[in-house]
Each structure stands twice: as C-alpha cells, then as structure tokens.
>>> print(open('structure_32.txt').read())   # compact mmCIF, C-alpha atoms
# COMPACT_ATOMS: atom_id res chain seq x y z
CA MET L 1 0.00 0.00 0.00
CA ASN L 2 2.79 2.41 0.91
CA GLN L 3 4.65 1.61 -2.31
CA ARG L 4 1.48 2.14 -4.36
CA PHE L 5 0.90 5.49 -2.63
CA TRP L 6 4.37 6.77 -3.47
CA LEU L 7 4.06 5.51 -7.04
CA PHE L 8 0.76 7.39 -7.40
CA LEU L 9 2.26 10.53 -5.89
CA MET L 10 5.25 10.46 -8.24
CA LEU L 11 2.95 9.95 -11.25
CA PHE L 12 0.70 12.82 -10.12
CA LEU L 13 3.63 15.20 -9.74
CA ALA L 14 5.11 14.17 -13.08
CA GLN L 15 1.80 14.76 -14.85
CA ASN L 16 1.31 18.16 -13.25
CA LEU L 17 4.84 19.29 -14.06
CA ALA L 18 4.43 18.11 -17.64
CA LEU L 19 1.28 20.22 -17.92
CA GLY L 20 3.07 23.19 -16.44
CA LYS L 21 1.27 23.13 -13.09
CA GLU L 22 4.01 23.96 -10.63
CA PRO L 23 3.07 23.23 -7.01
CA SER L 24 1.43 26.42 -5.78
CA THR L 25 3.02 26.25 -2.33
CA THR L 26 3.16 29.39 -0.27
CA VAL L 27 5.16 30.14 2.83
CA LYS L 28 3.88 31.59 6.06
CA PRO L 29 3.89 35.37 5.45
CA GLU L 30 5.65 36.07 8.73
CA SER L 31 8.63 34.00 7.56
CA VAL L 32 9.33 36.66 4.90
CA GLY L 33 8.42 39.69 6.98
CA LEU L 34 4.77 40.03 5.96
CA SER L 35 1.71 40.10 8.20
CA SER L 36 -0.91 37.39 7.58
CA GLN L 37 -3.53 39.55 9.22
CA ARG L 38 -2.77 42.55 7.02
CA LEU L 39 -2.66 40.45 3.86
CA GLN L 40 -6.27 39.53 4.61
CA ASN L 41 -7.11 43.10 3.63
CA ILE L 42 -6.39 42.00 0.05
CA ASP L 43 -9.03 39.26 0.46
CA ARG L 44 -11.58 41.88 1.48
CA LEU L 45 -10.61 44.26 -1.34
CA ILE L 46 -10.90 41.65 -4.10
CA ASP L 47 -13.98 39.94 -2.63
CA GLN L 48 -15.75 43.29 -2.36
CA HIS L 49 -15.05 44.06 -6.03
CA VAL L 50 -16.38 40.61 -7.00
CA GLN L 51 -19.47 40.89 -4.79
CA GLU L 52 -20.25 44.35 -6.15
CA LYS L 53 -19.86 42.98 -9.70
CA LYS L 54 -17.12 45.42 -10.59
CA ILE L 55 -14.95 42.50 -11.69
CA ALA L 56 -15.87 38.86 -12.32
CA GLY L 57 -12.72 37.50 -10.72
CA ALA L 58 -9.00 37.85 -10.21
CA VAL L 59 -5.81 36.12 -9.16
CA VAL L 60 -3.42 37.99 -6.84
CA LEU L 61 0.11 36.95 -5.93
CA VAL L 62 2.46 38.63 -3.46
CA ALA L 63 6.01 37.35 -3.00
CA ARG L 64 8.85 38.53 -0.81
CA LYS L 65 12.43 37.39 -0.38
CA GLY L 66 12.00 34.89 -3.20
CA LYS L 67 8.98 33.16 -1.65
CA ILE L 68 5.28 33.33 -2.46
CA ALA L 69 3.50 34.52 0.66
CA TYR L 70 0.06 35.24 -0.77
CA PHE L 71 -1.53 33.49 -3.75
CA ARG L 72 -5.30 33.61 -4.04
CA GLU L 73 -8.01 33.31 -6.65
CA ALA L 74 -11.49 34.83 -6.33
CA GLY L 75 -14.66 34.95 -8.38
CA LEU L 76 -15.24 33.60 -11.87
CA ALA L 77 -12.94 32.97 -14.81
CA ASP L 78 -15.97 32.36 -17.03
CA THR L 79 -19.72 32.11 -16.54
CA ASP L 80 -19.48 28.46 -15.50
CA LYS L 81 -15.88 28.30 -14.25
CA PRO L 82 -14.44 29.54 -10.99
CA MET L 83 -11.15 31.40 -11.13
CA GLN L 84 -8.15 29.13 -10.52
CA LYS L 85 -4.54 29.85 -9.68
CA ASP L 86 -3.56 28.45 -13.08
CA THR L 87 -6.15 30.41 -15.08
CA ILE L 88 -4.59 31.81 -18.26
CA PHE L 89 -4.90 35.55 -18.94
CA ARG L 90 -4.37 37.86 -21.90
CA VAL L 91 -1.52 39.89 -20.42
CA VAL L 92 -1.40 42.11 -23.54
CA SER L 93 1.08 44.95 -22.84
CA MET L 94 2.82 42.88 -20.17
CA THR L 95 4.26 41.23 -23.29
CA LYS L 96 6.45 44.34 -23.68
CA PRO L 97 8.83 43.60 -20.76
CA LEU L 98 9.25 40.07 -22.13
CA THR L 99 10.12 41.51 -25.54
CA SER L 100 12.58 43.93 -23.96
CA VAL L 101 14.36 41.03 -22.27
CA ALA L 102 14.52 39.24 -25.63
CA ILE L 103 16.27 42.27 -27.16
CA MET L 104 18.71 42.47 -24.26
CA LEU L 105 19.61 38.80 -24.67
CA LEU L 106 20.77 39.69 -28.18
CA TYR L 107 22.50 42.79 -26.81
CA GLU L 108 24.48 40.66 -24.37
CA GLU L 109 25.57 38.42 -27.23
CA GLY L 110 26.98 41.39 -29.13
CA LYS L 111 24.43 41.06 -31.92
CA LEU L 112 23.19 44.64 -31.57
CA LEU L 113 23.90 47.85 -29.67
CA LEU L 114 21.42 50.21 -28.07
CA SER L 115 22.92 53.02 -30.13
CA ASP L 116 22.37 51.18 -33.42
CA PRO L 117 19.93 52.83 -35.81
CA VAL L 118 16.96 50.54 -36.35
CA SER L 119 17.49 50.96 -40.10
CA LYS L 120 20.66 48.89 -39.77
CA TYR L 121 18.38 45.86 -39.36
CA ILE L 122 15.09 47.10 -40.86
CA PRO L 123 16.07 49.26 -43.86
CA GLU L 124 12.59 50.75 -44.21
CA PHE L 125 13.35 52.95 -41.18
CA LYS L 126 16.11 54.79 -43.07
CA ASP L 127 15.68 58.60 -43.35
CA PRO L 128 12.53 59.05 -41.24
CA LYS L 129 10.30 62.11 -41.61
CA VAL L 130 8.50 64.04 -38.86
CA LEU L 131 5.08 65.66 -39.25
CA GLU L 132 5.04 69.33 -38.30
CA LEU L 133 1.97 71.57 -38.25
CA LEU L 134 2.05 74.75 -40.31
CA PRO L 135 0.60 78.09 -39.16
CA PRO L 136 -3.14 78.64 -39.76
CA GLY L 137 -3.76 80.03 -43.23
CA SER L 138 -0.91 78.10 -44.86
CA ALA L 139 -1.54 76.30 -48.13
CA SER L 140 -1.20 72.98 -46.31
CA GLU L 141 -1.98 71.99 -42.73
CA TYR L 142 1.36 70.26 -42.21
CA LYS L 143 4.72 69.50 -43.73
CA LEU L 144 7.10 66.56 -43.44
CA VAL L 145 10.63 67.40 -42.35
CA PRO L 146 13.68 65.14 -42.03
CA ALA L 147 14.10 63.76 -38.51
CA LYS L 148 17.03 65.23 -36.62
CA ARG L 149 18.40 61.72 -36.27
CA GLU L 150 17.35 58.14 -36.87
CA ILE L 151 15.46 55.97 -34.43
CA THR L 152 17.77 53.81 -32.31
CA VAL L 153 17.19 50.53 -30.51
CA ARG L 154 17.31 52.48 -27.23
CA ASP L 155 14.52 54.77 -28.49
CA LEU L 156 12.30 51.75 -29.11
CA LEU L 157 13.00 50.26 -25.67
CA SER L 158 12.35 53.57 -23.90
CA HIS L 159 9.32 54.67 -26.00
CA THR L 160 11.10 57.80 -27.23
CA SER L 161 11.06 56.86 -30.92
CA GLY L 162 8.37 59.27 -32.13
CA LEU L 163 6.12 56.34 -33.06
CA LEU L 164 2.56 56.20 -31.72
CA TYR L 165 -0.18 53.84 -30.72
CA MET L 166 -3.51 54.78 -32.26
CA PHE L 167 -5.75 54.18 -29.24
CA PRO L 168 -4.40 57.01 -27.00
CA ASN L 169 -5.84 59.32 -29.64
CA ASN L 170 -9.11 58.72 -27.75
CA TYR L 171 -7.67 60.70 -24.84
CA TYR L 172 -5.15 63.14 -26.33
CA HIS L 173 -6.82 65.61 -28.67
CA GLU L 174 -3.82 67.03 -30.51
CA ARG L 175 -4.12 67.82 -34.18
CA GLU L 176 -0.67 66.55 -35.13
CA ARG L 177 -1.34 63.26 -33.31
CA GLN L 178 -4.62 62.91 -35.18
CA LEU L 179 -2.89 63.50 -38.50
CA VAL L 180 -0.27 60.82 -37.80
CA VAL L 181 -3.00 58.40 -36.68
CA ASP L 182 -4.79 59.11 -39.98
CA PHE L 183 -1.62 58.05 -41.82
CA TYR L 184 -1.58 54.86 -39.72
CA LYS L 185 -5.20 54.07 -40.60
CA GLU L 186 -4.66 54.63 -44.29
CA ALA L 187 -1.69 52.25 -44.19
CA GLY L 188 -3.64 49.55 -42.33
CA ILE L 189 -1.56 49.79 -39.16
CA ASN L 190 -2.88 47.72 -36.25
CA ASP L 191 -2.30 48.33 -32.53
CA GLY L 192 -2.08 44.55 -32.17
CA PHE L 193 -5.05 43.99 -29.83
CA CYS L 194 -6.92 42.41 -32.76
CA ARG L 195 -4.68 40.04 -34.69
CA PRO L 196 -4.63 40.68 -38.45
CA ASN L 197 -3.91 37.99 -41.00
CA GLU L 198 -0.34 39.08 -41.72
CA THR L 199 3.08 38.84 -40.15
CA ILE L 200 4.42 41.44 -37.76
CA GLY L 201 7.15 42.16 -40.31
CA ASP L 202 4.54 43.13 -42.90
CA MET L 203 3.03 45.69 -40.55
CA VAL L 204 6.34 47.04 -39.26
CA LYS L 205 7.66 47.69 -42.77
CA ARG L 206 4.56 49.79 -43.57
CA LEU L 207 4.85 51.61 -40.25
CA ALA L 208 8.50 52.45 -40.93
CA ARG L 209 7.59 54.49 -44.01
CA LEU L 210 5.06 56.72 -42.18
CA PRO L 211 5.69 60.12 -40.55
CA LEU L 212 6.84 60.27 -36.94
CA TYR L 213 4.86 62.21 -34.36
CA LYS L 214 7.98 63.84 -32.88
CA HIS L 215 11.73 63.75 -33.41
CA PRO L 216 13.36 60.66 -31.84
CA GLY L 217 14.47 61.28 -28.28
CA GLU L 218 12.33 64.39 -27.81
CA VAL L 219 9.12 62.83 -26.48
CA TRP L 220 8.02 59.90 -24.33
CA ASP L 221 4.98 58.38 -25.95
CA TYR L 222 3.55 54.90 -25.43
CA SER L 223 3.68 53.31 -28.86
CA LEU L 224 4.07 50.45 -31.29
CA ALA L 225 7.81 50.45 -30.51
CA SER L 226 7.62 47.03 -28.85
CA ASP L 227 6.01 45.56 -31.96
CA VAL L 228 9.00 46.84 -33.93
CA LEU L 229 11.28 45.24 -31.32
CA GLY L 230 9.54 41.89 -31.78
CA TYR L 231 10.27 42.01 -35.49
CA LEU L 232 13.82 43.15 -34.73
CA VAL L 233 14.28 39.99 -32.66
CA GLU L 234 13.23 37.94 -35.69
CA VAL L 235 15.62 39.76 -38.02
CA VAL L 236 18.64 39.59 -35.73
CA SER L 237 18.10 36.07 -34.36
CA LYS L 238 16.84 34.62 -37.66
CA MET L 239 14.09 32.86 -35.70
CA PRO L 240 10.32 33.42 -35.57
CA PHE L 241 9.56 35.59 -32.57
CA ASP L 242 7.48 33.02 -30.73
CA GLN L 243 10.15 30.35 -31.16
CA PHE L 244 12.83 32.70 -29.83
CA MET L 245 10.70 33.55 -26.78
CA GLN L 246 9.97 29.88 -26.12
CA LYS L 247 13.59 28.78 -26.39
CA ARG L 248 15.29 31.72 -24.70
CA ILE L 249 12.78 32.88 -22.04
CA PHE L 250 9.77 30.62 -21.46
CA ASP L 251 11.62 27.29 -21.35
CA PRO L 252 14.60 28.43 -19.23
CA LEU L 253 12.28 30.10 -16.70
CA LYS L 254 9.84 27.16 -16.73
CA MET L 255 7.02 29.48 -17.80
CA ARG L 256 5.04 26.47 -18.97
CA ASP L 257 1.74 28.26 -19.49
CA SER L 258 2.97 31.28 -21.48
CA HIS L 259 2.09 31.27 -25.16
CA PHE L 260 1.41 33.47 -28.17
CA TYR L 261 -1.23 30.93 -29.21
CA VAL L 262 -2.61 28.69 -26.47
CA PRO L 263 -2.52 24.93 -27.17
CA GLN L 264 -5.92 23.34 -27.58
CA GLU L 265 -5.65 21.31 -24.37
CA LYS L 266 -5.29 24.55 -22.37
CA LEU L 267 -8.08 26.60 -23.98
CA GLY L 268 -10.46 25.67 -21.17
CA ARG L 269 -8.23 27.56 -18.75
CA VAL L 270 -8.36 30.87 -20.64
CA ALA L 271 -10.40 33.46 -18.72
CA ALA L 272 -13.30 35.27 -20.33
CA VAL L 273 -13.22 39.04 -20.78
CA TRP L 274 -15.80 41.14 -18.95
CA LYS L 275 -16.96 44.66 -19.68
CA SER L 276 -17.55 46.65 -16.49
CA ASP L 277 -18.73 50.14 -15.74
CA TRP L 278 -17.02 49.64 -12.36
CA GLN L 279 -20.34 50.48 -10.73
CA GLY L 280 -21.97 47.04 -10.76
CA SER L 281 -22.78 46.41 -14.42
CA LEU L 282 -20.71 43.45 -15.60
CA THR L 283 -21.15 41.67 -18.96
CA LYS L 284 -19.15 38.89 -20.58
CA VAL L 285 -17.74 39.98 -23.93
CA THR L 286 -16.99 37.82 -26.95
CA GLU L 287 -17.41 40.24 -29.86
CA PRO L 288 -14.79 42.87 -30.79
CA MET L 289 -14.94 45.99 -28.64
CA ILE L 290 -14.50 49.10 -30.75
CA ASP L 291 -14.30 52.49 -29.04
CA GLY L 292 -12.99 55.22 -31.31
CA ASP L 293 -9.40 54.28 -32.10
CA LEU L 294 -9.31 51.46 -29.55
CA ALA L 295 -10.04 47.99 -30.94
CA LEU L 296 -9.99 44.92 -28.67
CA CYS L 297 -10.72 41.36 -29.81
CA PRO L 298 -11.06 39.04 -26.78
CA SER L 299 -11.90 35.99 -28.92
CA ASP L 300 -8.49 36.16 -30.62
CA ALA L 301 -7.09 34.44 -27.53
CA TYR L 302 -8.83 31.21 -28.55
CA ALA L 303 -7.07 30.97 -31.91
CA LEU L 304 -4.81 27.92 -32.02
CA SER L 305 -2.42 29.42 -34.55
CA GLY L 306 -1.74 32.51 -36.59
CA LYS L 307 0.92 34.54 -38.34
CA TYR L 308 0.80 37.69 -36.22
CA LEU L 309 3.40 37.68 -33.42
CA THR L 310 3.61 41.08 -31.83
CA GLY L 311 6.08 42.16 -29.18
CA GLY L 312 3.56 44.60 -27.81
CA GLY L 313 0.62 42.51 -26.77
CA ASN L 314 0.06 38.88 -27.88
CA VAL L 315 1.28 36.76 -24.96
CA LEU L 316 -1.10 34.86 -22.68
CA SER L 317 0.19 33.75 -19.30
CA THR L 318 -0.63 32.91 -15.69
CA ALA L 319 0.06 34.74 -12.45
CA TYR L 320 2.60 32.09 -11.49
CA ASP L 321 4.43 32.19 -14.80
CA TYR L 322 4.69 35.95 -14.73
CA TYR L 323 5.88 35.78 -11.14
CA ARG L 324 8.79 33.62 -12.31
CA PHE L 325 9.69 36.24 -14.92
CA ALA L 326 9.46 39.05 -12.35
CA GLN L 327 11.50 37.07 -9.81
CA MET L 328 14.25 36.59 -12.39
CA LEU L 329 14.43 40.36 -12.78
CA LEU L 330 14.36 40.94 -9.03
CA ASN L 331 17.21 38.41 -8.73
CA LYS L 332 19.23 40.51 -11.20
CA GLY L 333 18.82 38.13 -14.11
CA GLU L 334 18.88 34.66 -12.51
CA LEU L 335 16.29 32.16 -11.30
CA ASP L 336 16.74 28.65 -9.91
CA GLY L 337 20.31 28.46 -11.12
CA VAL L 338 19.47 29.65 -14.65
CA ARG L 339 20.92 33.03 -15.64
CA LEU L 340 19.20 34.87 -18.47
CA LEU L 341 20.82 38.30 -18.09
CA SER L 342 23.73 39.80 -16.24
CA ARG L 343 23.20 41.94 -13.15
CA LYS L 344 24.49 44.98 -15.03
CA THR L 345 22.02 44.51 -17.87
CA VAL L 346 19.05 44.20 -15.50
CA GLU L 347 20.20 47.37 -13.74
CA LEU L 348 20.40 49.11 -17.11
CA MET L 349 16.82 48.04 -17.87
CA THR L 350 15.07 48.50 -14.52
CA ALA L 351 17.14 50.95 -12.46
CA THR L 352 18.31 53.52 -15.03
CA ASN L 353 16.31 56.49 -16.24
CA HIS L 354 16.55 56.52 -20.05
CA ILE L 355 14.18 59.44 -20.67
CA GLY L 356 15.93 62.27 -18.85
CA ASP L 357 13.60 65.12 -17.89
CA LEU L 358 10.65 63.54 -19.68
CA ASP L 359 7.99 61.73 -17.64
CA ALA L 360 6.29 58.39 -18.35
CA THR L 361 2.78 59.56 -17.61
CA PHE L 362 0.48 57.36 -19.70
CA LEU L 363 -0.18 54.90 -16.85
CA HIS L 364 1.44 56.85 -14.08
CA ASP L 365 2.16 60.40 -12.95
CA HIS L 366 4.92 62.97 -13.00
CA GLY L 367 7.84 61.50 -11.09
CA TRP L 368 7.74 58.22 -12.99
CA LYS L 369 10.55 57.57 -15.45
CA PHE L 370 11.19 54.81 -17.95
CA GLY L 371 13.99 52.31 -18.31
CA LEU L 372 14.29 49.78 -21.12
CA GLY L 373 10.83 48.24 -21.09
CA PHE L 374 9.69 49.27 -17.60
CA ALA L 375 8.21 52.28 -15.83
CA ILE L 376 10.40 53.26 -12.85
CA GLN L 377 9.25 55.17 -9.78
CA GLN L 378 11.60 58.10 -9.21
CA ASP L 379 10.15 59.33 -5.91
CA ARG L 380 7.01 59.16 -3.76
CA ALA L 381 5.92 62.79 -3.98
CA HIS L 382 2.98 62.17 -6.32
CA ASP L 383 -0.43 60.51 -6.38
CA VAL L 384 0.60 57.24 -8.09
CA ASP L 385 2.79 55.59 -5.46
CA ALA L 386 3.90 51.99 -5.88
CA GLY L 387 5.89 51.86 -2.64
CA ASP L 388 9.51 52.91 -3.01
CA PRO L 389 11.79 54.81 -5.36
CA GLY L 390 13.17 52.19 -7.70
CA VAL L 391 9.96 50.19 -8.10
CA PHE L 392 9.54 49.02 -11.70
CA GLU L 393 6.35 47.76 -13.25
CA TRP L 394 3.96 47.62 -16.19
CA ALA L 395 0.41 46.58 -17.03
CA GLY L 396 -1.97 45.15 -19.65
CA ILE L 397 -5.13 46.69 -21.06
CA TYR L 398 -7.43 43.89 -19.78
CA SER L 399 -6.56 44.87 -16.18
CA THR L 400 -3.40 42.91 -15.48
CA ARG L 401 -0.43 44.46 -13.70
CA PHE L 402 2.82 43.61 -11.98
CA SER L 403 5.13 45.59 -9.71
CA VAL L 404 8.62 44.79 -8.44
CA ASP L 405 10.01 46.60 -5.38
CA PRO L 406 13.78 45.89 -5.17
CA LYS L 407 14.20 47.77 -1.89
CA GLU L 408 11.67 45.57 -0.12
CA ASP L 409 12.44 42.45 -2.21
CA LYS L 410 8.73 42.22 -3.04
CA ILE L 411 6.64 41.33 -6.09
CA THR L 412 2.93 42.04 -6.52
CA ILE L 413 0.94 40.59 -9.42
CA PHE L 414 -2.72 41.17 -10.25
CA MET L 415 -4.54 39.30 -13.01
CA SER L 416 -8.09 40.02 -14.12
CA GLN L 417 -9.82 40.26 -17.50
CA THR L 418 -11.85 43.42 -17.15
CA SER L 419 -12.41 46.25 -19.60
CA PRO L 420 -11.97 49.15 -19.34
CA PHE L 421 -8.59 49.00 -17.64
CA ASN L 422 -8.83 49.59 -13.87
CA LEU L 423 -6.33 52.48 -13.79
CA HIS L 424 -9.02 55.09 -13.26
CA PHE L 425 -10.97 53.08 -10.70
CA GLY L 426 -8.35 52.70 -7.98
CA LEU L 427 -8.24 48.91 -7.57
CA TRP L 428 -4.56 48.55 -8.50
CA ASP L 429 -3.45 51.51 -6.39
CA LYS L 430 -5.33 50.12 -3.39
CA LEU L 431 -3.82 46.67 -3.93
CA LEU L 432 -0.30 48.09 -3.87
CA VAL L 433 -1.09 50.00 -0.68
CA LEU L 434 -2.30 46.78 0.96
CA SER L 435 0.63 44.65 -0.18
CA GLY L 436 3.06 47.33 0.98
CA SER L 437 1.38 47.91 4.32
CA ALA L 438 1.60 44.17 5.01
CA ILE L 439 5.38 44.50 5.44
CA SER L 440 6.01 43.87 9.13
CA ASP L 441 9.76 43.53 9.60
>>> encode(input="structure_32.txt", output="structure tokens")
Amino acid sequence: MNQRFWLFLMLFLAQNLALGKEPSTTVKPESVGLSSQRLQNIDRLIDQHVQEKKIAGAVVLVARKGKIAYFREAGLADTDKPMQKDTIFRVVSMTKPLTSVAIMLLYEEGKLLLSDPVSKYIPEFKDPKVLELLPPGSASEYKLVPAKREITVRDLLSHTSGLLYMFPNNYYHERERQLVVDFYKEAGINDGFCRPNETIGDMVKRLARLPLYKHPGEVWDYSLASDVLGYLVEVVSKMPFDQFMQKRIFDPLKMRDSHFYVPQEKLGRVAAVWKSDWQGSLTKVTEPMIDGDLALCPSDAYALSGKYLTGGGNVLSTAYDYYRFAQMLLNKGELDGVRLLSRKTVELMTATNHIGDLDATFLHDHGWKFGLGFAIQQDRAHDVDAGDPGVFEWAGIYSTRFSVDPKEDKITIFMSQTSPFNLHFGLWDKLLVLSGSAISD
C-alpha cells in the first residue's frame, strides 16, 4: 500500500509538471516579513469588487524574499468556471517587458547595440520624416521634415522613438497626433489587440515608411515600438519571434503556461473578458470591442495558430508564470540556477532612467521615469505611489499588472480580465497599498 501510494504521488507530480502546473506552495507570510492579518485586507478588497460585480474575478500573488506569501483566486474565470490559480490571462502589454528582455539577450551576445539605428536591421526605417503643423492660413496643414536623427534601438525600448499607438488618440486631442493616426489608418496599421492575417514584419515595414509624431528622443509616448522590437528579434536572431521567446525565455524560466497561441488542451483555462462600468454592471464579452481608435478582440485568444506575433501585446500567461519572470528580474537576471541576463544589464533596464527630464505619464504620474521596457518610480511625492523609489512595473489593457520593489524584495501581481482598464478606478493603487502595508519587519 505504501509503495502504491508513493508511485501514485510520483505519477501525479510528473503529470502536473508536464502540464506546467508547478506546485502552488506558499510560505507563512511572517517567515518573509509580511503580516498574515494585514494580507487579509487584500481578500476583502478583491472579494468586495467581485461581490459588487465590478470584476468577475482575479488572481493575486504577493512574493517577498523569493517566496510566495500570498496566492489567491477569487470569483469567476468564465460564466461556469471559478477562477483558478492556473487560469490563463491575456496579459497584452505585459508582453512588452518580455520583448525587452529578448532584445537584451541579443544585446548581451553582441548582436546589436542600443545606439544602433533601427534601419541597420530594418532598412525601411532609413531617413525618417516628422510631421510638423504649419501656421493657420498656410496652403497645407502640415509638412514633413527630415528627422534630426534616426530611431535607435534604445529609443524603441524607452518609448522615445516618435512612433505612436492609435488608441491614445481617444484621450489626447492634438491635431498633429490625429494627422499621424490618420496616416496609420490609411496604411492599415494595427495596434495589435486584434490580430490581423499578416506577419508582424509586414506591418512594421509599412509603419517604418510613415511620418513620426515627434523627433526621436524628444518625447516619451507609449507606442508600437515594442512591436518593432519583436520584429527586430526575428531579423537579428533569424528565428520566428514566438520560437525565440519559447527557447530563450519561457523554457529556461519554466514558464510552462505562457504562449502566443494557447494549445488546444489549455483553452479551457483561458479566462473570459468582462466589460464593467465599475459600478456594478458586468457583462461577458466575446465580440470585438470598438471604441474610437481602440479595438480589442477578446476571442483572438482562442485561436490555435496565426501569423501575427507582436512584441507589444500577444502573450497569454498565468500569475505564477509571470511571477517567475518578475523574480528573475528581481534576482538581477537569474532564477533557480538559470541566468538569463547579467546583473548589469538588468540594472540598465530597470534601475536607469533613459528618458531624462521627460515623464512616463500614460499609466502613471509625473515623477515616474522609464527604463528599457519598464516604468520606474523616481520618488514618492505624487499621487501614483507603488511603494519605493526604484519600483519598476507595467500593465496590460485587460486589467493585469505587476510591480517589483527591489528595496523591499517584493513582487505584486494582479490578473483580471476586465475592460476598461482599472487604472481610473483605484483597484490597483489600493492593492499596492495593501501589499506594501503588510510589510512587518
């Protein structure tokens, strides 16, 4: 009987590991300097949002000192499925930090430099033009002028390239932005939240020929830069982007549930998307959501294959998988004996301001800077406070977010599938307050 029990246990563990289900063990919070009692405030926060039908469900993970101290699911993943710790989420723009790491792997191999012009690898970016408005009464509304310099790899990583996303045009009502977005629309440019039937290289080459919004290095603007980086990985590595990510990041970090296209056997674990007014009206969404220049296609996550592999928003993942990625960064490039990046490279990405006096204000506030793929908190003298100077983080448009606090050796991850993004409704800010106030050492 004892032998049969151990044989069954070994088979069970082997099957779970093969499926990517790492044991979701947590440590006693007090063992890593967190208060169990105070962490229960997160239970109340998330449960209240579920009960009030502001969100359908969520998974929250808090780790400190390399150990998971809080890992909890709440609510529904779909109408007939409770949320699970291994539920798979569209992390969308949380793909961007992964893409940035992919670029820096090539950087560490000497295959590119941050100062390299992008046109060295993607010739269509040679001799960019910038759109400038002309004074009222001129024969034309604008003119195109040569950029003061070319776009560099660093510009793409730091979102200072002069490229745009289209969807922020919903919020920023600037004429020159609108004109550039019009060029994008005419050229069939896609923000990547609905997957077109083309390769990322096809789109990037069209984008490269269009006018820039500003001169490279003179503006911080959230943009399609990470999509260009994904194609750059393909060009430099001579591998399809998803294969490079699988071989160089997902497999080494044992991110077994992270995919550009989810395998059929895992589709049942993909969470539904819910539209919320954050006041109690909550509806499951399957059709495309079009709001001005914002286009979201939740059902794209159920496609088993496709050609479009964007560095800006195609990855699906779990809270645990993304924790492993974040822990690697917090460990200065290493996890479980596997080193992806050097300490110096991680510091260059997550602890160095690459935008000077500019501010990264799309998701944050003045006082936030940007590294190479990550927003970085410069100080605490502003409304958006993630805990400590030096915190780095990013988010996804379906209400996913992660935050790494090197000073406190702490990681906070929130996964939901709620639209619109919860930035303006306070849930994420409150969660960070609660995870930070649970520190008890």
>>> closest_residue(input="structure_32.txt", among="L:Lys53, L:Arg324, L:Arg401, L:Lys205", to="Leu76 in chain L", atoms="only C-alpha atoms")
L:Lys53
>>> closest_residue(input="structure_32.txt", among="L:Asp191, L:Glu218, L:Asp383, L:Glu132", to="Glu176 in chain L", atoms="all atoms listed in the file")
L:Glu132
>>> residues_near_point(input="structure_32.txt", point="(-7.7, 31.1, -7.9)", cutoff="9 Å", atoms="all atoms listed in the file", output="MDAnalysis selection string")
chainID L and resid 57:60 71:77 82:87
>>> residues_around(input="structure_32.txt", residues="Leu133 in chain L", least_positions_apart="6", cutoff="8 Å", atoms="all atoms listed in the file", output="PyMOL selection string")
chain L and resi 141-143+176
>>> residues_around(input="structure_32.txt", residues="range 406-414 of chain L", least_positions_apart="5", cutoff="7 Å", atoms="all atoms listed in the file", output="compact mmCIF listing (two decimals) with C-alpha atoms, in the coordinates of the input")
# COMPACT_ATOMS: atom_id res chain seq x y z
CA VAL L 59 -5.81 36.12 -9.16
CA VAL L 60 -3.42 37.99 -6.84
CA LEU L 61 0.11 36.95 -5.93
CA VAL L 62 2.46 38.63 -3.46
CA ALA L 63 6.01 37.35 -3.00
CA ARG L 64 8.85 38.53 -0.81
CA LYS L 65 12.43 37.39 -0.38
CA ALA L 319 0.06 34.74 -12.45
CA LEU L 330 14.36 40.94 -9.03
CA GLY L 390 13.17 52.19 -7.70
CA VAL L 391 9.96 50.19 -8.10
CA THR L 400 -3.40 42.91 -15.48
CA ARG L 401 -0.43 44.46 -13.70
>>> residues_around(input="structure_32.txt", residues="range 426-429 of chain L", least_positions_apart="4", cutoff="12 Å", atoms="only C-alpha atoms", output="PyMOL selection string")
chain L and resi 42+44-50+54-55+58+60+278+363-364+383-387+393-396+399-403+412-416+418+421-422+433-436
>>> atom_distance(input="structure_32.txt", atom1="CA of Ile68 in chain L", atom2="CA of Asp242 in chain L")
28.4 Å
>>> residues_around(input="structure_32.txt", residues="Arg149 in chain L", least_positions_apart="6", cutoff="10 Å", atoms="only C-alpha atoms", output="compact mmCIF listing (two decimals) with C-alpha atoms, in the frame of the given file")
# COMPACT_ATOMS: atom_id res chain seq x y z
CA PRO L 117 19.93 52.83 -35.81
CA LYS L 126 16.11 54.79 -43.07
CA ASP L 127 15.68 58.60 -43.35
CA PRO L 128 12.53 59.05 -41.24
CA LYS L 129 10.30 62.11 -41.61
CA HIS L 215 11.73 63.75 -33.41
CA PRO L 216 13.36 60.66 -31.84
CA GLY L 217 14.47 61.28 -28.28
>>> residues_around(input="structure_32.txt", residues="Pro97 in chain L", least_positions_apart="2", cutoff="9 Å", atoms="all atoms listed in the file", output="list of chain:residue names")
L:Ser93, L:Met94, L:Thr95, L:Thr99, L:Ser100, L:Val101, L:Ala102, L:Ser226, L:Gly311, L:Gly312, L:Leu372, L:Gly373, L:Phe374, L:Glu393, L:Trp394
>>> closest_residue(input="structure_32.txt", among="L:Gln279, L:Thr361, L:Gln417, L:Ser223", to="Ala301 in chain L", atoms="all atoms listed in the file")
L:Gln417
>>> atom_distance(input="structure_32.txt", atom1="CA of Leu112 in chain L", atom2="CA of Leu232 in chain L")
10.0 Å
>>> closest_residue(input="structure_32.txt", among="L:Asn41, L:Ser36, L:Thr26, L:Ser258", to="Leu432 in chain L", atoms="all atoms listed in the file")
L:Asn41
>>> closest_residue(input="structure_32.txt", among="L:Gln178, L:Asn197, L:Gly66, L:Lys81", to="Leu335 in chain L", atoms="only C-alpha atoms")
L:Gly66
